[in-house]
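Text of model.cif (mmCIF, C-alpha atoms) as supplied:
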```
data_upload
#
loop_
_atom_site.label_atom_id
_atom_site.label_comp_id
_atom_site.auth_asym_id
_atom_site.auth_seq_id
_atom_site.Cartn_x
_atom_site.Cartn_y
_atom_site.Cartn_z
CA MET M 246 156.78 -108.19 294.19
CA LEU M 247 153.26 -107.04 295.11
CA GLY M 248 153.21 -104.11 297.50
CA ARG M 249 151.26 -103.97 300.75
CA GLY M 250 149.01 -101.22 299.36
CA PHE M 251 147.97 -103.39 296.42
CA LEU M 252 147.23 -106.42 298.61
CA PHE M 253 145.30 -104.22 301.08
CA GLY M 254 143.24 -102.79 298.19
CA VAL M 255 142.41 -106.27 296.93
CA ALA M 256 141.34 -107.37 300.43
CA VAL M 257 139.12 -104.31 300.94
CA GLY M 258 137.59 -104.78 297.47
CA CYS M 259 136.76 -108.42 298.20
CA VAL M 260 135.14 -107.58 301.54
CA LEU M 261 133.06 -104.78 300.00
CA GLY M 262 132.06 -107.01 297.09
CA VAL M 263 130.87 -109.78 299.40
CA TYR M 264 128.93 -107.26 301.52
CA ILE M 265 127.36 -105.23 298.66
CA ALA M 266 126.60 -108.01 296.13
CA PRO M 267 123.52 -109.44 297.93
CA HIS M 268 121.96 -105.96 298.10
CA LEU M 269 122.31 -105.17 294.38
CA GLY M 270 119.28 -107.19 293.25
CA ARG M 271 116.88 -105.70 295.77
CA PRO M 272 114.57 -102.87 294.73
CA THR M 273 115.08 -99.56 296.44
CA ALA M 274 112.46 -97.03 297.50
CA GLU M 275 113.05 -94.74 294.53
CA MET M 276 112.93 -97.62 292.04
CA GLY M 277 109.49 -98.81 293.12
CA LEU M 278 108.67 -102.46 292.56
CA LEU M 279 111.04 -102.95 289.64
CA SER M 280 114.80 -103.18 289.85
CA GLY M 281 116.96 -102.26 286.87
CA SER M 282 117.40 -105.81 285.62
CA ASN M 283 114.19 -107.52 286.68
CA LEU M 284 110.78 -107.50 285.03
CA ARG M 285 107.55 -108.12 286.86
CA GLN M 286 106.40 -111.72 286.58
CA SER M 287 103.08 -110.72 285.01
CA ASN M 288 104.90 -109.04 282.10
CA ILE M 289 107.02 -112.13 281.50
CA ALA M 290 104.01 -114.43 281.54
CA SER M 291 102.08 -112.33 279.03
CA ALA M 292 105.13 -112.08 276.72
CA VAL M 293 105.19 -115.85 276.16
CA PRO M 294 101.88 -116.85 274.56
CA GLU M 295 100.48 -120.36 274.95
CA LYS M 296 101.24 -122.73 272.10
CA GLY M 297 97.55 -122.95 271.16
CA THR M 298 97.57 -119.26 270.26
CA TRP M 299 100.57 -119.55 267.89
CA PRO M 300 100.23 -120.05 264.16
CA THR M 301 100.09 -123.74 263.23
CA ASP M 302 103.05 -125.39 261.50
CA GLU M 303 101.02 -125.54 258.28
CA GLN M 304 100.13 -121.83 258.49
CA ALA M 305 103.82 -121.03 259.02
CA LYS M 306 104.78 -123.13 255.98
CA VAL M 307 102.19 -121.47 253.72
CA GLN M 308 103.14 -117.99 254.95
CA LEU M 309 106.89 -118.67 254.52
CA PHE M 310 106.36 -119.81 250.91
CA GLU M 311 104.10 -116.82 250.22
CA LEU M 312 106.49 -114.27 251.76
CA SER M 313 109.49 -115.76 249.92
CA ASN M 314 107.63 -116.03 246.58
CA TRP M 315 108.32 -119.78 246.38
CA ASP M 316 105.98 -122.10 244.48
CA ILE M 317 104.24 -124.17 247.15
CA SER M 318 102.64 -126.46 244.55
CA LYS M 319 106.11 -127.35 243.24
CA HIS M 320 108.13 -127.61 246.48
CA GLY M 321 105.50 -127.78 249.23
CA ASN M 322 104.97 -131.54 249.37
CA GLY M 323 108.51 -132.39 250.45
CA SER M 324 108.91 -129.39 252.76
CA LYS M 325 108.03 -129.10 256.43
CA VAL M 326 108.06 -126.13 258.83
CA ILE M 327 107.92 -126.53 262.62
CA ILE M 328 107.43 -123.68 265.09
CA ASN M 329 109.72 -124.24 268.09
CA ARG M 330 108.83 -121.23 270.26
CA CYS M 331 107.24 -117.80 270.12
CA ILE M 332 107.29 -114.60 272.16
CA ARG M 333 104.89 -111.66 271.99
CA ILE M 334 106.63 -108.49 270.80
CA ALA M 335 103.58 -106.24 270.40
CA GLY M 336 99.83 -106.38 270.92
CA THR M 337 99.11 -108.36 267.73
CA GLU M 338 102.62 -109.49 266.77
CA ILE M 339 104.72 -112.46 267.84
CA ALA M 340 108.26 -113.47 266.94
CA CYS M 341 108.82 -117.19 266.39
CA GLU M 342 111.74 -119.52 265.92
CA LEU M 343 111.10 -121.98 263.10
CA ALA M 344 112.84 -125.13 261.91
CA ALA M 345 112.36 -125.67 258.18
CA HIS M 346 113.09 -128.83 256.24
CA LEU M 347 112.87 -127.56 252.68
CA LYS M 348 112.69 -129.99 249.76
CA TRP M 349 115.51 -128.38 247.77
CA ILE M 350 117.87 -127.79 250.74
CA GLU M 351 119.54 -130.67 252.54
CA GLY M 352 119.23 -130.57 256.32
CA GLU M 353 117.41 -128.23 258.66
CA THR M 354 117.28 -124.48 258.21
CA GLY M 355 116.70 -122.18 261.20
CA ILE M 356 114.38 -119.26 260.54
CA GLU M 357 113.25 -116.35 262.72
CA ALA M 358 109.88 -114.94 261.70
CA VAL M 359 107.46 -112.24 262.82
CA PHE M 360 103.74 -112.93 262.55
CA GLN M 361 100.92 -110.41 262.79
CA GLU M 362 97.42 -111.45 263.81
CA GLU M 363 94.73 -110.35 261.36
CA GLY M 364 91.15 -111.28 262.17
CA GLY M 365 92.00 -114.53 263.96
CA ASP M 366 94.54 -115.58 261.32
CA TRP M 367 98.33 -115.13 261.28
CA LYS M 368 100.29 -113.40 258.51
CA MET M 369 104.08 -113.61 258.33
CA ILE M 370 105.41 -110.09 257.86
CA ALA M 371 109.18 -110.74 258.13
CA ALA M 372 111.58 -113.69 258.12
CA LYS M 373 115.32 -114.33 258.10
CA ASN M 374 117.73 -117.25 258.32
CA CYS M 375 119.47 -117.68 261.63
#
```

Entire entry expressed as structure tokens:
Amino acid sequence: MLGRGFLFGVAVGCVLGVYIAPHLGRPTAEMGLLSGSNLRQSNIASAVPEKGTWPTDEQAKVQLFELSNWDISKHGNGSKVIINRCIRIAGTEIACELAAHLKWIEGETGIEAVFQEEGGDWKMIAAKNC
């Protein structure tokens, strides 16, 4: 059913795969210190800011209501916004994952938002449901 040539090709492919696979993740001389799929650890560490540098949950709530043109005096008391995690996407901008419990919507709503730092304060410049 399966010819010798096919079985021989599969065997050679397996042997080459086992031999070559461990060498694929290593950087080569022409690639310098970075391989194609790996980032330097210092870049990764600076991309994830510490939680103390994020906007507060209250700032996120106020900014979400302002950006969406919702009346915070009418719906703000029963609503809550929690920032789950953030990642730096530019020098003064971070992208955050929010969980919103809005007064007029039952259950939790996932929101992705981009904040820009302006003079020590955070301003939400974009948001979308996820």

Pick from M:Ile332, M:Glu338, M:Pro294, M:Trp349: nearest to M:His320, with only C-alpha atoms counted?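 Of M:Ile332, M:Glu338, M:Pro294, M:Trp349, the one nearest M:His320, counting only C-alpha atoms, is M:Trp349.
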
My list of candidates is M:Ala345, M:Arg333, M:Glu295, M:Asn314. Which is closest to M:Val359 when distances are computed with all atoms listed in the file?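 Closest residue, counting all atoms listed in the file: M:Arg333.
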
Measure the distance from atom CA of M:Pro267 to atom CA of M:Leu252 in Å and round it to one decimal.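 Taking atom CA of M:Pro267 as the start and atom CA of M:Leu252 as the end point, the length is 23.9 Å.
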
What does the distance from atom CA of M:Ile339 to atom CA of M:Ser313 come to in Å, to one decimal?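 Computing it gives 18.8 Å between the two atoms.
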
Give me the residues within 8 Å of M:Asn374 as an NGL selection string, counting all atoms listed in the file and dropping any in the same chain fewer than 4 places off. :M and (354-357)
